[in-house]
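Structure, as C-alpha cells:
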Amino acid sequence: MSIDEKLENKKAKVEIFGDEYVIKAEEESVEYIERVAQYVDQELQRVNNKQTRLSRIRVMVLVAMNLADKYFKANEARDKVKQRIKRKEVEIKNIKKQYKKLSNEHNNLKKNYNSLKKQYNELKDKKHELENKNDEFQQKHDNLQEKYDELKNAYHNLEDEYEAFLIEFDKED
C-alpha cells in the first residue's frame, strides 16, 4: 500500500447539513470522525426542523452555541468529578491511615490478650496446685485432728483410770 493510499484511508468523507466534506483523521480513526460528523448533522437537522424560519447560518450558529454549551457543561461536570475523585482519594488515604492505626492497635491488643491469657493460665494452674496442696493439708489436718481426738480420749481414759487407781489406792491404805 502506497503512502497516498494510507493517507486516503485516514480521510473521512462526510455529509453535514447537506454539504459534503473530506476531513483528515490525524490521531482519531475514520470511524470516530464519521460518528462526530453524524452527531453534528443530527443536531443541525433537529434544530432546523424545530426552527424552520431560521436561515442556515443562524441554525449553524444556534447549534454551535448548543454544542459549546454542552462542551462547557461537560467540562464542568468532568471538573466536579475530578474534585470528587480527589476528595475520595483523600478519604481513602485517611481511611488507610486509620486502618493501619487500628490494625496496629489490634495487634497490640492481641499481644496483650495473649500475654494476659498466658498469665491467667499460669495463675489458674497455680490455683489448682494450691488447691491440691490445701486438700492435702486439710487431709493431714483431719488425720492429725483424729489422732489428737484419739489421744485426748486416751488421755482422759488414762486420767480417769489414774484417778480411779488413786481412789482405790487411798482406800487400801
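Convention: chains lettered A, B, ... in C-alpha cells order; per-chain residue numbering from 1; ligands numbered from 1 as shown.
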Can you pull out every residue within 12 Å of Lys24 in chain A, counting only C-alpha atoms, but drop anything in the same chain fewer than 2 positions away, and send it as a VMD selection string?
chain A and resid 6 to 14 21 to 22 26 to 34
Secondary structure check, strand (DSSP E) residues of chain A, as a CSV table (one decimal) with C-alpha atoms, in the first residue's frame:
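Writing done, so here's out-v4.csv:
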chain,number,residue,atom,x,y,z
A,11,LYS,CA,-9.6,10.7,5.4
A,12,ALA,CA,-13.3,10.7,6.1
A,13,LYS,CA,-15.9,11.7,3.6
A,14,VAL,CA,-18.9,13.0,5.5
A,15,GLU,CA,-22.1,14.9,4.9
A,16,ILE,CA,-23.1,17.7,7.3
A,19,ASP,CA,-22.8,19.6,2.3
A,20,GLU,CA,-20.1,17.1,1.7
A,21,TYR,CA,-16.7,17.4,3.5
A,22,VAL,CA,-13.5,15.5,3.4
A,23,ILE,CA,-11.9,15.5,6.8
A,24,LYS,CA,-8.4,14.2,7.5
Ranking A:Asn112, A:Asn75, A:Gln139, A:Gln45 by minimum distance to Val63 in chain A and counting only C-alpha atoms, which one comes first?
A:Gln45
Fewer than 3 positions away in the same chain doesn't count, so skip those; otherwise give me all residues within 8 Å of Val47 in chain A, counting only C-alpha atoms, as a ChimeraX atom specification.
/A:43-44,50-51,59,62-63
